[in-house]
Structure formats: C-alpha cells, structure tokens
2 protein chains.
Amino acid sequence: MAESRSTAGDVERSVVLPAGYGKAIRLQAGRRLRLVNLHGVQAVDLWAFVDGDPGEYLSMEHFRSVHSVVWATTATPLVSNARRAIVTIVEDTSSGRHDTLLCPCNEPLYRQLGAPAGHRSCADNLHEGLADLGLAVPFTPASLNLFMCVEVRADGSIDRRLPSSSPGSHLVLQAEVDVVLAFSCCPQDITPINGPERTPRDCRIDILAPPPEDAR
Amino acid sequence: MAESRSTAGDVERSVVLPAGYGKAIRLQAGRRLRLVNLHGVQAVDLWAFVDGDPGEYLSMEHFRSVHSVVWATTATPLVSNARRAIVTIVEDTSSGRHDTLLCPCNEPLYRQLGAPAGHRSCADNLHEGLADLGLAVPFTPASLNLFMCVEVRADGSIDRRLPSSSPGSHLVLQAEVDVVLAFSCCPQDITPINGPERTPRDCRIDILAPPPEDAR
C-alpha cells in the first residue's frame with residue numbers, strides 16, 4: 001500500500017499498534033510522532049496526559065469550549081482541562097476530521113452488544129497502556145477518536161459516517177509539553193466503525209527524530 | 001413571576017440554589033425533585049454520581065453514544081459511564097434542550113477572561129457541594145448544562161444561543177438508582193451564557209414527597 005509522504009522528518013523508531021490493542025508513549029515537548037493508518041479505515045482512540053501531572057489531561061469538553069467546534073483538525077490544538085495546548089496535529093493526510101463526541105468503546109457497551117465476556121475495549125486499552133509505563137489514572141477521560149467521522153444533523157442527532165481515510169494516510173502529532181500519549185487501535189468488530197468488514201487492523205507509530213538544532 | 005404548574009406531586013422541602021453557588025443532594029431511587037429556573041435564563045450545571053460508588057457517574061460522552069444526540073430532553077434518560085439510566089428528566093417546561101457539549105466553567109477559563117482571582121466556577125461548585133456531603137471525586141466529569149441552548153452548525157461549529165426559557169420554568173428529575181446530584185447555579189458574569197444582563201440569579205430546588213404507596 002502507498003503511504004502518503006510526510007514532511008515531518010526522519011524516523012527514530014517505529015512500533016506497531018496491533019489491531020485491538022493499545023500502547024502509551026512518552027513524548028517530550030517539541031518531539032513528534034507519526035501515526036500511520038495502514039488500512040485507512042481503522043479508528044484509533046487517543047488520550048494525552050501531562051507527564052508528571054496526569055490530573056491535567058486532554059479534555060474533549062474543554063476542547064469544544066475553546067475551539068467552538070465538534071471535531072479536531074490541524075487548525076485546533078488539542079487542549080487540556082487547564083485550557084492550554086498540550087498536543088498539536090501538525091500534519092494530516094487523512095480525511096482530516098477527528099471525532100470529539102463519542103465515548104471510547106468499553107466493557108458495558110460490548111456486554112450490551114452481546115459480545116463474549118473479556119472482549120477487548122479502547123477504555124481498557126488506555127489503562128493497560130498506562131500500566132505498562134507504571135502509571136494509573138482513576139477514571140477514563142473522553143477520548144479523541146482519530147479517523148472517526150461523526151457529524152451532527154440540524155436536529156441535534158449524531159451521524160456516524162463510515163470511515164473514509166485512505167490506506168497509509170497519517171497524522172503527525174507534536175507534543176507541546178512533556179506528555180504521555182495513549183493510543184488504542186479500536187477493537188470494535190460488531191459495528192462498522194472500523195469499516196464495513198468489521199475487522200480491526202494494525203496501525204503503526206513512527207517516533208520521529210528531533211529536528212536538527214539549527215532548524216528549531 | 002408565574003411558575004408553570006407541575007404534575008409531579010407535593011413539595012417535601014425546598015432549598016434555594018443561590019446565584020453562583022452549588023449544592024449536592026442525595027436522592028433515593030424513585031424519588032423526584034423539581035429544579036425551578038426562577039428567572040428563566042440561568043444556566044445550571046448538573047452532575048450525578050451513583051450513591052456509594054462515585055466511579056459510576058453521569059457521562060456526557062456515554063450519553064451521546066447511547067442516544068446519538070447532542071442535547072438532553074425528556075426522551076433521553078441520563079446514563080452513566082456504565083450505560084444505564086441513573087436519572088430521568090420526567091417533566092420539562094423550559095425550552096426543552098439541555099447542552100451536553102461544553103465544559104463547566106472553571107478557574108482557567110475565568111483567568112483567561114481576565115476575572116479577578118477567586119472568581120467562583122461551576123467546577124469548583126461541584127467539589128464544594130460534594131464536600132458538604134463528605135464526598136470527593138478525583139476529577140471533574142463533563143457537566144450536563146441545564147437550560148443552556150447550544151447547537152451545532154453543518155460545518156461542525158458550535159453555536160451558543162442566548163438562553164430562552166421563561167421565568168418559573170422547571171424540570172423534574174427522577175432518580176433511577178440512589179444518586180448524589182450536584183447542581184451549580186452558574187456564576188458566569190462575563191459572557192452572556194446566563195442572559196444578556198450577565199447576572200447570575202438564584203434558582204430553587206423542591207424535593208418532592210414520595211408518591212403514595214398505592215400510586216407507585
């Protein structure tokens with residue numbers, strides 16, 4: 001599959017974000033990573049916490065209050081519950097709108113959908129990913145639902161569109177402060193939120209090398 | 001001012017929700033209270049926690065996921081992060097749409113607006129109200145913003161309408177499980193979210209008597 005070219009710089013290391021699983025990554029202020037949607041239609045839930053102070057975190061309700069818009073783009077820095085930008089989408093070759101409205105998938109949802117006990121979920125992936133870094137948070141913030149296309153009709157109803165990004169499309173995220181980013185490659189295989197095949201797919205995260213000193 | 005009549009029953013006791021302040025109230029399953037918007041244009045932020053298990057709470061992102069709509073009405077039971085109804089709006093004589101999108105007002109917002117330090121906020125009112133009951137939660141969930149009229153345009157942008165309810169309009173809330181309800185009579189006096197006069201006003205909460213046994 002063809003991947004869109006990125007202007008963001010060299011890759012320091014890459015990690016696979018396996019279908020249905022999550023991973024948390026520390027990223028220092030000014031550093032960037034590229035999230036590659038290898039198959040194009042995979043939703044990836046994102047959370048961000050200030051490293052060392054997880055009580056300050058990416059907040060969807062503060063995002064909407066600050067930017068007065070229901071989806072995230074390169075024009076809308078990702079703000080915390082302290083109303084400051086902690087992460088920015090600096091490059092985006094996907095369909096370009098990322099949902100702030102819906103909750104991460106979770107155990108009660110899968111129970112209601114009739115899935116067998118133990119079905120993986122984005123909410124659990126958040127906490128698993130943080131635990132791998134020795135971190136814990138006492139609740140599950142609302143997630144930013146990357147690559148998920150959700151619109152609001154004039155009557156206030158929510159329209160879940162099928163995902164529309166191309167295979168290999170990517171986002172580049174830049175840390176504006178030292179952050180812990182948690183990603184979940186959504187395990188939803190009952191509804192078509194990850195595409196009509198209802199099959200979660202791997203994504204890839206490229207940690208980008210810092211820019212040369214003279215380019216900063 | 002004229003208050004709309006309620007079919008909800010006799011008043012057991014009433015408490016004033018003073019302009020700019022909050023209050024938390026325990027309500028047993030099946031019991032009801034009436035929130036009266038004495039001046040019509042006052043926003044009131046609401047939170048709900050399962051009594052004895054505050055890790056289960058009214059969640060705006062789960063509400064939108066369950067009901068596929070961005071505002072709350074009598075048709076949309078207020079669901080928790082476990083995707084079950086914990087409170088219902090059983091009667092509503094206000095404009096009838098209540099915002100799920102925007103964050104409660106908070107200290108960083110007032111700092112950005114240039115308010116003097118110590119300006120009251122809905123977020124602080126939540127925690128103060130819970131503390132009066134000997135309770136604490138380690139974070140601030142998104143609030144349900146009662147009487148706040150917020151719409152989403154086709155381009156995804158958020159349209160904060162001026163409040164439009166009539167003086168004396170009310171909601172009746174019914175607990176579906178034993179809950180702690182936290183109310184904040186919004187202290188916003190810089191933007192017109194509480195009306196063009198930018199003056200927070202008292203509201204009133206009537207705790208309703210339980211229905212007679214034979215009517216249950």
# chains A, B, ... in the order shown; residues from 1 in each chain; ligands from 1
call {"tool": "residues_around", "arguments": {"residues": "range 95-100 of chain A", "least_positions_apart": "2", "cutoff": "10 Å", "atoms": "only C-alpha atoms", "output": "PyMOL selection string"}}
result
(chain A and resi 40+43-45+59-61+63-64+69-74+89+91-93+102-103+142-151+160+163-166+169-171) or (chain B and resi 61+101+156)
call {"tool": "residues_around", "arguments": {"residues": "Leu181 in chain B", "least_positions_apart": "3", "cutoff": "10 Å", "atoms": "only C-alpha atoms", "output": "list in words"}}
result
Lys23, Ala24, Ile25, Arg26, Leu27, Leu46, Trp47, Ala48, Phe49, Val50, Asp51, Tyr57, Leu58, Val87, Leu126, Gly129, Leu130, Leu173, Ala175 and Asp178 of chain B
call {"tool": "write_last_selection", "arguments": {"atoms": "all heavy atoms", "output": "compact mmCIF listing (two decimals), in the first residue's frame"}}
result
# COMPACT_ATOMS: atom_id res chain seq x y z
N LYS B 23 -24.82 23.08 45.12
CA LYS B 23 -25.34 22.25 46.21
C LYS B 23 -25.45 20.83 45.71
O LYS B 23 -25.87 20.59 44.58
CB LYS B 23 -26.72 22.76 46.64
CG LYS B 23 -27.26 22.04 47.87
CD LYS B 23 -28.38 22.82 48.53
CE LYS B 23 -28.75 22.20 49.88
NZ LYS B 23 -27.65 22.21 50.86
N ALA B 24 -25.07 19.88 46.57
CA ALA B 24 -25.25 18.46 46.23
C ALA B 24 -26.33 17.87 47.14
O ALA B 24 -26.44 18.24 48.31
CB ALA B 24 -23.94 17.70 46.39
N ILE B 25 -27.12 16.99 46.57
CA ILE B 25 -28.30 16.44 47.24
C ILE B 25 -28.36 14.94 46.97
O ILE B 25 -28.23 14.51 45.83
CB ILE B 25 -29.59 17.12 46.71
CG1 ILE B 25 -29.61 18.59 47.10
CG2 ILE B 25 -30.84 16.39 47.19
CD1 ILE B 25 -30.75 19.38 46.48
N ARG B 26 -28.57 14.16 48.04
CA ARG B 26 -28.81 12.73 47.84
C ARG B 26 -30.28 12.52 47.46
O ARG B 26 -31.17 13.12 48.05
CB ARG B 26 -28.53 11.96 49.12
CG ARG B 26 -27.07 11.77 49.41
CD ARG B 26 -26.88 10.71 50.51
NE ARG B 26 -25.55 10.12 50.40
CZ ARG B 26 -24.50 10.58 51.11
NH1 ARG B 26 -24.62 11.59 51.93
NH2 ARG B 26 -23.32 10.00 50.95
N LEU B 27 -30.53 11.63 46.52
CA LEU B 27 -31.90 11.32 46.12
C LEU B 27 -31.99 9.81 45.92
O LEU B 27 -31.22 9.22 45.15
CB LEU B 27 -32.24 12.07 44.82
CG LEU B 27 -33.71 12.29 44.48
CD1 LEU B 27 -34.40 13.20 45.51
CD2 LEU B 27 -33.85 12.90 43.09
N LEU B 46 -25.26 20.30 36.00
CA LEU B 46 -25.67 19.12 36.77
C LEU B 46 -24.65 18.00 36.61
O LEU B 46 -24.17 17.73 35.50
CB LEU B 46 -27.03 18.61 36.26
CG LEU B 46 -27.52 17.29 36.86
CD1 LEU B 46 -27.88 17.43 38.34
CD2 LEU B 46 -28.73 16.75 36.08
N TRP B 47 -24.36 17.36 37.73
CA TRP B 47 -23.61 16.10 37.74
C TRP B 47 -24.41 15.09 38.55
O TRP B 47 -25.20 15.48 39.43
CB TRP B 47 -22.25 16.26 38.42
CG TRP B 47 -21.26 17.14 37.73
CD1 TRP B 47 -20.25 16.74 36.89
CD2 TRP B 47 -21.14 18.56 37.83
NE1 TRP B 47 -19.52 17.83 36.47
CE2 TRP B 47 -20.04 18.95 37.03
CE3 TRP B 47 -21.84 19.55 38.52
CZ2 TRP B 47 -19.64 20.28 36.89
CZ3 TRP B 47 -21.45 20.87 38.40
CH2 TRP B 47 -20.36 21.22 37.59
N ALA B 48 -24.20 13.81 38.27
CA ALA B 48 -24.84 12.77 39.08
C ALA B 48 -23.85 11.63 39.28
O ALA B 48 -23.13 11.25 38.34
CB ALA B 48 -26.10 12.26 38.38
N PHE B 49 -23.82 11.12 40.48
CA PHE B 49 -22.94 10.01 40.85
C PHE B 49 -23.79 8.95 41.55
O PHE B 49 -24.70 9.29 42.32
CB PHE B 49 -21.86 10.49 41.83
CG PHE B 49 -21.00 11.60 41.28
CD1 PHE B 49 -21.41 12.93 41.40
CD2 PHE B 49 -19.81 11.32 40.63
CE1 PHE B 49 -20.64 13.96 40.87
CE2 PHE B 49 -19.03 12.34 40.10
CZ PHE B 49 -19.44 13.67 40.22
N VAL B 50 -23.49 7.70 41.28
CA VAL B 50 -24.19 6.64 41.99
C VAL B 50 -23.79 6.71 43.46
O VAL B 50 -22.59 6.75 43.78
CB VAL B 50 -23.85 5.26 41.38
CG1 VAL B 50 -24.41 4.13 42.24
CG2 VAL B 50 -24.41 5.18 39.96
N ASP B 51 -24.79 6.78 44.35
CA ASP B 51 -24.51 6.92 45.77
C ASP B 51 -23.81 5.65 46.26
O ASP B 51 -24.30 4.54 46.06
CB ASP B 51 -25.81 7.15 46.54
CG ASP B 51 -25.57 7.81 47.89
OD1 ASP B 51 -24.40 8.04 48.26
OD2 ASP B 51 -26.57 8.08 48.59
N TYR B 57 -20.88 7.44 37.15
CA TYR B 57 -21.37 8.82 37.15
C TYR B 57 -22.01 9.14 35.80
O TYR B 57 -21.72 8.49 34.79
CB TYR B 57 -20.22 9.80 37.45
CG TYR B 57 -19.05 9.67 36.50
CD1 TYR B 57 -18.97 10.45 35.34
CD2 TYR B 57 -18.04 8.73 36.72
CE1 TYR B 57 -17.92 10.30 34.45
CE2 TYR B 57 -16.99 8.59 35.83
CZ TYR B 57 -16.94 9.37 34.70
OH TYR B 57 -15.90 9.22 33.81
N LEU B 58 -22.85 10.14 35.81
CA LEU B 58 -23.45 10.65 34.57
C LEU B 58 -22.34 11.11 33.63
O LEU B 58 -21.53 11.95 33.97
CB LEU B 58 -24.36 11.83 34.93
CG LEU B 58 -24.94 12.65 33.76
CD1 LEU B 58 -25.74 11.78 32.82
CD2 LEU B 58 -25.80 13.79 34.30
N VAL B 87 -30.68 8.79 36.09
CA VAL B 87 -31.59 9.92 36.34
C VAL B 87 -32.42 10.10 35.08
O VAL B 87 -31.93 9.84 33.97
CB VAL B 87 -30.80 11.22 36.64
CG1 VAL B 87 -31.76 12.40 36.86
CG2 VAL B 87 -29.88 11.06 37.84
N LEU B 126 -19.06 22.08 42.05
CA LEU B 126 -19.25 20.62 42.14
C LEU B 126 -18.52 20.07 43.36
O LEU B 126 -19.10 19.37 44.19
CB LEU B 126 -18.72 19.95 40.87
CG LEU B 126 -18.44 18.44 41.00
CD1 LEU B 126 -19.73 17.66 41.23
CD2 LEU B 126 -17.68 17.91 39.79
N GLY B 129 -19.87 21.27 46.72
CA GLY B 129 -21.15 20.63 47.06
C GLY B 129 -20.94 19.21 47.56
O GLY B 129 -21.54 18.79 48.56
N LEU B 130 -20.07 18.46 46.87
CA LEU B 130 -19.79 17.09 47.31
C LEU B 130 -19.14 17.10 48.69
O LEU B 130 -19.47 16.27 49.55
CB LEU B 130 -18.88 16.38 46.30
CG LEU B 130 -19.51 16.09 44.93
CD1 LEU B 130 -18.48 15.41 44.02
CD2 LEU B 130 -20.76 15.21 45.05
N LEU B 173 -36.65 16.01 37.92
CA LEU B 173 -35.67 14.94 37.76
C LEU B 173 -36.06 13.77 38.66
O LEU B 173 -36.41 13.98 39.84
CB LEU B 173 -34.27 15.42 38.16
CG LEU B 173 -33.72 16.61 37.38
CD1 LEU B 173 -32.34 17.01 37.94
CD2 LEU B 173 -33.60 16.29 35.90
N ALA B 175 -34.68 10.12 40.25
CA ALA B 175 -33.55 9.21 40.44
C ALA B 175 -33.97 7.80 40.03
O ALA B 175 -35.01 7.32 40.47
CB ALA B 175 -33.10 9.23 41.90
N ASP B 178 -30.11 5.07 43.55
CA ASP B 178 -29.74 6.02 44.60
C ASP B 178 -28.59 6.87 44.06
O ASP B 178 -27.54 6.34 43.68
CB ASP B 178 -29.28 5.29 45.87
CG ASP B 178 -30.41 4.55 46.57
OD1 ASP B 178 -31.59 4.69 46.15
OD2 ASP B 178 -30.11 3.81 47.53
call {"tool": "closest_residue", "arguments": {"among": "A:His39, A:Arg111, A:Arg204, A:Arg13", "to": "chain B", "atoms": "only C-alpha atoms"}}
result
A:Arg111
call {"tool": "select_by_dssp", "arguments": {"residues": "chain B", "states": "alpha helix (DSSP H)", "output": "PyMOL selection string"}}
result
chain B and resi 60-67+107-112+122-132
call {"tool": "closest_residue", "arguments": {"among": "B:Arg198, B:His127, B:His119, B:Arg153", "to": "chain A", "atoms": "only C-alpha atoms"}}
result
B:Arg153
call {"tool": "atom_distance", "arguments": {"atom1": "CA of Gln42 in chain A", "atom2": "CA of Leu135 in chain A"}}
result
26.3 Å
call {"tool": "atom_distance", "arguments": {"atom1": "CA of Pro116 in chain B", "atom2": "CA of Pro138 in chain B"}}
result
25.8 Å
call {"tool": "closest_residue", "arguments": {"among": "B:Phe139, B:Leu35, B:Leu17, B:Gly22", "to": "chain A", "atoms": "only C-alpha atoms"}}
result
B:Phe139
call {"tool": "atom_distance", "arguments": {"atom1": "CA of Ser184 in chain A", "atom2": "CA of Ser65 in chain A"}}
result
24.8 Å
call {"tool": "closest_residue", "arguments": {"among": "A:Ile205, A:Leu133, A:Val79, A:Ala115", "to": "chain B", "atoms": "only C-alpha atoms"}}
result
A:Val79
call {"tool": "residues_around", "arguments": {"residues": "range 209-213 of chain B", "least_positions_apart": "5", "cutoff": "9 Å", "atoms": "only C-alpha atoms", "output": "number ranges by chain"}}
result
B: 8-13, 30-33
